[in-house]
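For reference, protein-v7.csv is printed below; it contains CSV, N, CA and C atoms.
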chain,number,residue,atom,x,y,z
A,1,MET,N,0.8,-1.2,0.0
A,1,MET,CA,0.0,0.0,0.0
A,1,MET,C,0.9,1.3,0.0
A,2,LYS,N,1.9,1.2,0.8
A,2,LYS,CA,2.8,2.4,0.8
A,2,LYS,C,3.4,2.6,-0.6
A,3,GLN,N,3.9,1.6,-1.2
A,3,GLN,CA,4.5,1.7,-2.6
A,3,GLN,C,3.4,2.3,-3.5
A,4,SER,N,2.2,2.0,-3.4
A,4,SER,CA,1.1,2.5,-4.2
A,4,SER,C,0.9,4.0,-4.0
A,5,MET,N,0.9,4.4,-2.7
A,5,MET,CA,0.7,5.8,-2.4
A,5,MET,C,1.9,6.6,-2.9
A,6,VAL,N,3.1,6.1,-2.9
A,6,VAL,CA,4.2,6.9,-3.4
A,6,VAL,C,4.1,7.0,-4.9
A,7,ALA,N,3.7,5.9,-5.6
A,7,ALA,CA,3.5,5.9,-7.1
A,7,ALA,C,2.4,6.9,-7.5
A,8,MET,N,1.4,7.0,-6.7
A,8,MET,CA,0.3,7.8,-7.1
A,8,MET,C,0.6,9.3,-7.0
A,9,LYS,N,1.7,9.7,-6.4
A,9,LYS,CA,2.0,11.1,-6.3
A,9,LYS,C,2.6,11.6,-7.6
A,10,ASP,N,3.0,10.7,-8.5
A,10,ASP,CA,3.6,11.0,-9.8
A,10,ASP,C,2.9,10.3,-10.9
A,11,LEU,N,1.7,10.6,-11.2
A,11,LEU,CA,1.0,9.9,-12.3
A,11,LEU,C,1.0,10.6,-13.6
A,12,ASP,N,1.5,11.8,-13.7
A,12,ASP,CA,1.6,12.6,-14.9
A,12,ASP,C,2.4,11.9,-15.9
A,13,GLY,N,2.1,12.2,-17.2
A,13,GLY,CA,3.0,11.7,-18.3
A,13,GLY,C,2.3,10.6,-19.1
A,14,PRO,N,3.0,10.2,-20.1
A,14,PRO,CA,2.5,9.2,-21.1
A,14,PRO,C,2.4,7.8,-20.5
A,15,ASP,N,3.0,7.5,-19.4
A,15,ASP,CA,3.0,6.2,-18.8
A,15,ASP,C,2.0,6.1,-17.7
A,16,PHE,N,0.9,6.9,-17.7
A,16,PHE,CA,-0.1,6.9,-16.7
A,16,PHE,C,-0.7,5.5,-16.6
A,17,ASN,N,-1.1,4.9,-17.7
A,17,ASN,CA,-1.8,3.6,-17.7
A,17,ASN,C,-0.9,2.5,-17.0
A,18,GLU,N,0.4,2.6,-17.4
A,18,GLU,CA,1.4,1.6,-16.8
A,18,GLU,C,1.5,1.8,-15.3
A,19,LYS,N,1.6,3.0,-14.8
A,19,LYS,CA,1.7,3.3,-13.4
A,19,LYS,C,0.4,2.9,-12.7
A,20,MET,N,-0.7,3.2,-13.2
A,20,MET,CA,-2.0,2.8,-12.6
A,20,MET,C,-2.1,1.2,-12.6
A,21,GLY,N,-1.7,0.6,-13.6
A,21,GLY,CA,-1.7,-0.9,-13.6
A,21,GLY,C,-0.8,-1.4,-12.5
A,22,ASN,N,0.3,-0.8,-12.3
A,22,ASN,CA,1.2,-1.3,-11.2
A,22,ASN,C,0.5,-1.0,-9.8
A,23,VAL,N,-0.1,0.1,-9.7
A,23,VAL,CA,-0.8,0.4,-8.4
A,23,VAL,C,-1.9,-0.6,-8.2
A,24,LYS,N,-2.7,-0.9,-9.2
A,24,LYS,CA,-3.8,-1.9,-9.0
A,24,LYS,C,-3.2,-3.3,-8.6
A,25,THR,N,-2.1,-3.7,-9.2
A,25,THR,CA,-1.4,-4.9,-8.9
A,25,THR,C,-1.0,-5.0,-7.5
A,26,TRP,N,-0.3,-3.9,-7.0
A,26,TRP,CA,0.2,-3.8,-5.6
A,26,TRP,C,-1.0,-3.9,-4.6
A,27,VAL,N,-2.0,-3.1,-4.9
A,27,VAL,CA,-3.2,-3.1,-4.0
A,27,VAL,C,-3.9,-4.5,-3.9
A,28,SER,N,-4.0,-5.1,-5.1
A,28,SER,CA,-4.6,-6.4,-5.1
A,28,SER,C,-3.7,-7.4,-4.3
A,29,ALA,N,-2.4,-7.3,-4.4
A,29,ALA,CA,-1.5,-8.1,-3.7
A,29,ALA,C,-1.7,-7.9,-2.2
A,30,ALA,N,-1.9,-6.7,-1.8
A,30,ALA,CA,-2.1,-6.4,-0.4
A,30,ALA,C,-3.4,-7.0,0.1
A,31,LEU,N,-4.4,-7.1,-0.7
A,31,LEU,CA,-5.6,-7.8,-0.3
A,31,LEU,C,-5.4,-9.3,-0.2
A,32,THR,N,-4.6,-9.8,-1.0
A,32,THR,CA,-4.3,-11.3,-1.0
A,32,THR,C,-3.5,-11.5,0.3
A,33,ASP,N,-2.5,-10.6,0.6
A,33,ASP,CA,-1.7,-10.8,1.8
A,33,ASP,C,-2.6,-10.8,3.1
A,34,GLU,N,-3.6,-10.1,3.1
A,34,GLU,CA,-4.5,-10.0,4.3
A,34,GLU,C,-5.2,-11.4,4.5
A,35,ASP,N,-5.6,-12.0,3.4
A,35,ASP,CA,-6.2,-13.4,3.5
A,35,ASP,C,-5.1,-14.4,4.0
A,36,THR,N,-3.9,-14.3,3.4
A,36,THR,CA,-2.8,-15.2,3.8
A,36,THR,C,-2.5,-15.0,5.3
A,37,CYS,N,-2.5,-13.8,5.8
A,37,CYS,CA,-2.2,-13.5,7.2
A,37,CYS,C,-3.2,-14.2,8.1
A,38,MET,N,-4.4,-14.1,7.7
A,38,MET,CA,-5.4,-14.8,8.6
A,38,MET,C,-5.3,-16.3,8.6
A,39,ASP,N,-4.8,-16.9,7.5
A,39,ASP,CA,-4.5,-18.3,7.5
A,39,ASP,C,-3.5,-18.7,8.6
A,40,GLY,N,-2.6,-17.9,8.9
A,40,GLY,CA,-1.7,-18.2,10.0
A,40,GLY,C,-2.2,-18.3,11.4
A,41,PHE,N,-3.5,-17.8,11.5
A,41,PHE,CA,-4.1,-17.9,12.9
A,41,PHE,C,-5.2,-18.9,12.9
A,42,GLU,N,-5.3,-19.8,11.9
A,42,GLU,CA,-6.4,-20.8,11.9
A,42,GLU,C,-6.4,-21.7,13.1
A,43,GLU,N,-5.2,-22.0,13.6
A,43,GLU,CA,-5.0,-23.0,14.6
A,43,GLU,C,-5.3,-22.4,16.0
A,44,ASN,N,-5.3,-21.1,16.1
A,44,ASN,CA,-5.6,-20.4,17.4
A,44,ASN,C,-7.1,-20.3,17.6
A,45,ASP,N,-7.5,-20.4,18.9
A,45,ASP,CA,-8.9,-20.2,19.2
A,45,ASP,C,-9.0,-19.0,20.2
A,46,GLY,N,-10.3,-18.6,20.3
A,46,GLY,CA,-10.5,-17.6,21.3
A,46,GLY,C,-10.5,-16.2,20.9
A,47,LYS,N,-10.3,-15.4,22.0
A,47,LYS,CA,-10.3,-13.9,21.8
A,47,LYS,C,-9.3,-13.4,20.9
A,48,MET,N,-8.0,-13.9,21.0
A,48,MET,CA,-7.0,-13.4,20.2
A,48,MET,C,-7.3,-13.5,18.7
A,49,LYS,N,-7.7,-14.7,18.3
A,49,LYS,CA,-8.1,-14.9,16.9
A,49,LYS,C,-9.2,-14.0,16.4
A,50,ASP,N,-10.2,-13.9,17.3
A,50,ASP,CA,-11.4,-13.0,16.9
A,50,ASP,C,-10.9,-11.5,16.8
A,51,THR,N,-10.0,-11.1,17.7
A,51,THR,CA,-9.5,-9.7,17.6
A,51,THR,C,-8.7,-9.5,16.4
A,52,ILE,N,-7.8,-10.4,16.1
A,52,ILE,CA,-7.0,-10.3,14.9
A,52,ILE,C,-7.9,-10.3,13.6
A,53,ARG,N,-8.9,-11.3,13.6
A,53,ARG,CA,-9.8,-11.4,12.5
A,53,ARG,C,-10.5,-10.0,12.2
A,54,GLY,N,-10.9,-9.4,13.3
A,54,GLY,CA,-11.6,-8.1,13.2
A,54,GLY,C,-10.7,-7.0,12.6
A,55,TYR,N,-9.5,-7.0,13.0
A,55,TYR,CA,-8.5,-6.0,12.4
A,55,TYR,C,-8.3,-6.3,10.9
A,56,ILE,N,-8.1,-7.6,10.6
A,56,ILE,CA,-7.9,-8.0,9.2
A,56,ILE,C,-9.1,-7.7,8.3
A,57,VAL,N,-10.3,-8.0,8.8
A,57,VAL,CA,-11.5,-7.7,8.0
A,57,VAL,C,-11.6,-6.2,7.8
A,58,ASN,N,-11.3,-5.4,8.8
A,58,ASN,CA,-11.4,-3.9,8.6
A,58,ASN,C,-10.4,-3.5,7.6
A,59,VAL,N,-9.1,-4.0,7.7
A,59,VAL,CA,-8.1,-3.6,6.7
A,59,VAL,C,-8.5,-4.1,5.3
A,60,ALA,N,-9.0,-5.3,5.2
A,60,ALA,CA,-9.5,-5.8,3.9
A,60,ALA,C,-10.6,-5.0,3.3
A,61,GLN,N,-11.5,-4.5,4.1
A,61,GLN,CA,-12.5,-3.6,3.6
A,61,GLN,C,-12.0,-2.3,3.1
A,62,LEU,N,-11.1,-1.7,3.8
A,62,LEU,CA,-10.4,-0.5,3.4
A,62,LEU,C,-9.6,-0.7,2.1
A,63,THR,N,-8.9,-1.8,2.1
A,63,THR,CA,-8.1,-2.1,0.9
A,63,THR,C,-9.0,-2.3,-0.3
A,64,SER,N,-10.1,-3.0,-0.2
A,64,SER,CA,-11.0,-3.2,-1.2
A,64,SER,C,-11.6,-1.9,-1.7
A,65,ASN,N,-11.9,-1.0,-0.8
A,65,ASN,CA,-12.4,0.3,-1.2
A,65,ASN,C,-11.4,1.1,-2.0
A,66,ALA,N,-10.1,1.0,-1.5
A,66,ALA,CA,-9.1,1.7,-2.2
A,66,ALA,C,-8.9,1.1,-3.6
A,67,LEU,N,-9.0,-0.2,-3.8
A,67,LEU,CA,-8.9,-0.8,-5.1
A,67,LEU,C,-10.0,-0.3,-6.0
A,68,ALA,N,-11.2,-0.2,-5.5
A,68,ALA,CA,-12.4,0.3,-6.3
A,68,ALA,C,-12.1,1.7,-6.7
A,69,LEU,N,-11.6,2.6,-5.8
A,69,LEU,CA,-11.4,3.9,-6.2
A,69,LEU,C,-10.3,4.0,-7.3
A,70,ILE,N,-9.2,3.2,-7.1
A,70,ILE,CA,-8.1,3.2,-8.1
A,70,ILE,C,-8.7,2.8,-9.4
A,71,SER,N,-9.5,1.8,-9.4
A,71,SER,CA,-10.1,1.3,-10.7
A,71,SER,C,-10.9,2.4,-11.4
A,72,MET,N,-11.6,3.2,-10.6
A,72,MET,CA,-12.4,4.3,-11.1
A,72,MET,C,-11.6,5.4,-11.7
A,73,ILE,N,-10.4,5.6,-11.1
A,73,ILE,CA,-9.5,6.7,-11.6
A,73,ILE,C,-8.9,6.3,-12.9
A,74,SER,N,-8.5,5.0,-13.0
A,74,SER,CA,-7.9,4.6,-14.2
A,74,SER,C,-8.9,4.2,-15.3
The structure in this file should be written as structure tokens.
Amino acid sequence: MKQSMVAMKDLDGPDFNEKMGNVKTWVSAALTDEDTCMDGFEENDGKMKDTIRGYIVNVAQLTSNALALISMIS
């Protein structure tokens, strides 16, 4: 996500589509990473797992919204 934010500061020029394609790829990867992160907690039970799942779901929703906005821009 950080790499995407840096890249979006400099979108001017003839390579706009390439830069936006990169940003979409990176944000999509961040969404996949969130799913993979939760997989690491599958064996845990209880409050810790529920707390972490809540954080990951929140981040996934924000990331998904960011991807939708990026898609609209490009």
Write out, as a Markdown table, each residue of region 47-67 of chain A that has an atom at most 8 Å from region 6-28 of chain A, together with the closest pair of atoms and their distance in Å to one decimal, counting only N, CA and C atoms, rows going by chain and rising number.
| residue | atom | partner | partner_atom | distance |
| --- | --- | --- | --- | --- |
| A:Thr63 | C | A:Val27 | C | 6.6 |
| A:Ser64 | N | A:Val27 | C | 7.4 |
| A:Ala66 | C | A:Val27 | CA | 7.1 |
| A:Leu67 | CA | A:Val27 | CA | 6.2 |
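CA of Ala29 (chain A) is positioned 10.4 Å from atom C of Met1 (chain A).
What separates atom N of Ala68 (chain A) from atom C of Met38 (chain A) is a distance of 22.2 Å.
In this model, the gap between CA of Ile73 (chain A) and CA of Ile56 (chain A) comes to 25.5 Å.
Within region 5-46 of chain A, the backbone-based DSSP assignment of helix (DSSP H, G or I) covers A:Met5, A:Val6, A:Ala7, A:Met8, A:Phe16, A:Asn17, A:Glu18, A:Lys19, A:Met20, A:Gly21, A:Asn22, A:Val23, A:Lys24, A:Thr25, A:Trp26, A:Val27, A:Ser28, A:Ala29, A:Ala30, A:Leu31, A:Thr32, A:Asp33, A:Glu34, A:Asp35, A:Thr36, A:Cys37, A:Met38, A:Asp39.
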Any chance you can output those residues with N, CA and C atoms as a tab-separated table (two decimals), keeping the file's coordinate frame?
chain	number	residue	atom	x	y	z
A	5	MET	N	0.90	4.40	-2.70
A	5	MET	CA	0.70	5.80	-2.40
A	5	MET	C	1.90	6.60	-2.90
A	6	VAL	N	3.10	6.10	-2.90
A	6	VAL	CA	4.20	6.90	-3.40
A	6	VAL	C	4.10	7.00	-4.90
A	7	ALA	N	3.70	5.90	-5.60
A	7	ALA	CA	3.50	5.90	-7.10
A	7	ALA	C	2.40	6.90	-7.50
A	8	MET	N	1.40	7.00	-6.70
A	8	MET	CA	0.30	7.80	-7.10
A	8	MET	C	0.60	9.30	-7.00
A	16	PHE	N	0.90	6.90	-17.70
A	16	PHE	CA	-0.10	6.90	-16.70
A	16	PHE	C	-0.70	5.50	-16.60
A	17	ASN	N	-1.10	4.90	-17.70
A	17	ASN	CA	-1.80	3.60	-17.70
A	17	ASN	C	-0.90	2.50	-17.00
A	18	GLU	N	0.40	2.60	-17.40
A	18	GLU	CA	1.40	1.60	-16.80
A	18	GLU	C	1.50	1.80	-15.30
A	19	LYS	N	1.60	3.00	-14.80
A	19	LYS	CA	1.70	3.30	-13.40
A	19	LYS	C	0.40	2.90	-12.70
A	20	MET	N	-0.70	3.20	-13.20
A	20	MET	CA	-2.00	2.80	-12.60
A	20	MET	C	-2.10	1.20	-12.60
A	21	GLY	N	-1.70	0.60	-13.60
A	21	GLY	CA	-1.70	-0.90	-13.60
A	21	GLY	C	-0.80	-1.40	-12.50
A	22	ASN	N	0.30	-0.80	-12.30
A	22	ASN	CA	1.20	-1.30	-11.20
A	22	ASN	C	0.50	-1.00	-9.80
A	23	VAL	N	-0.10	0.10	-9.70
A	23	VAL	CA	-0.80	0.40	-8.40
A	23	VAL	C	-1.90	-0.60	-8.20
A	24	LYS	N	-2.70	-0.90	-9.20
A	24	LYS	CA	-3.80	-1.90	-9.00
A	24	LYS	C	-3.20	-3.30	-8.60
A	25	THR	N	-2.10	-3.70	-9.20
A	25	THR	CA	-1.40	-4.90	-8.90
A	25	THR	C	-1.00	-5.00	-7.50
A	26	TRP	N	-0.30	-3.90	-7.00
A	26	TRP	CA	0.20	-3.80	-5.60
A	26	TRP	C	-1.00	-3.90	-4.60
A	27	VAL	N	-2.00	-3.10	-4.90
A	27	VAL	CA	-3.20	-3.10	-4.00
A	27	VAL	C	-3.90	-4.50	-3.90
A	28	SER	N	-4.00	-5.10	-5.10
A	28	SER	CA	-4.60	-6.40	-5.10
A	28	SER	C	-3.70	-7.40	-4.30
A	29	ALA	N	-2.40	-7.30	-4.40
A	29	ALA	CA	-1.50	-8.10	-3.70
A	29	ALA	C	-1.70	-7.90	-2.20
A	30	ALA	N	-1.90	-6.70	-1.80
A	30	ALA	CA	-2.10	-6.40	-0.40
A	30	ALA	C	-3.40	-7.00	0.10
A	31	LEU	N	-4.40	-7.10	-0.70
A	31	LEU	CA	-5.60	-7.80	-0.30
A	31	LEU	C	-5.40	-9.30	-0.20
A	32	THR	N	-4.60	-9.80	-1.00
A	32	THR	CA	-4.30	-11.30	-1.00
A	32	THR	C	-3.50	-11.50	0.30
A	33	ASP	N	-2.50	-10.60	0.60
A	33	ASP	CA	-1.70	-10.80	1.80
A	33	ASP	C	-2.60	-10.80	3.10
A	34	GLU	N	-3.60	-10.10	3.10
A	34	GLU	CA	-4.50	-10.00	4.30
A	34	GLU	C	-5.20	-11.40	4.50
A	35	ASP	N	-5.60	-12.00	3.40
A	35	ASP	CA	-6.20	-13.40	3.50
A	35	ASP	C	-5.10	-14.40	4.00
A	36	THR	N	-3.90	-14.30	3.40
A	36	THR	CA	-2.80	-15.20	3.80
A	36	THR	C	-2.50	-15.00	5.30
A	37	CYS	N	-2.50	-13.80	5.80
A	37	CYS	CA	-2.20	-13.50	7.20
A	37	CYS	C	-3.20	-14.20	8.10
A	38	MET	N	-4.40	-14.10	7.70
A	38	MET	CA	-5.40	-14.80	8.60
A	38	MET	C	-5.30	-16.30	8.60
A	39	ASP	N	-4.80	-16.90	7.50
A	39	ASP	CA	-4.50	-18.30	7.50
A	39	ASP	C	-3.50	-18.70	8.60
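If you measure from each of A:Thr32, A:Met72, A:Met5, A:Cys37 to Arg53 (chain A) using only C-alpha atoms, the closest one turns out to be A:Cys37.
With only C-alpha atoms as the atoms that count, the residue of A:Gly54, A:Ser71, A:Asp35, A:Ala30 with the shortest distance to Lys2 (chain A) is A:Ala30.
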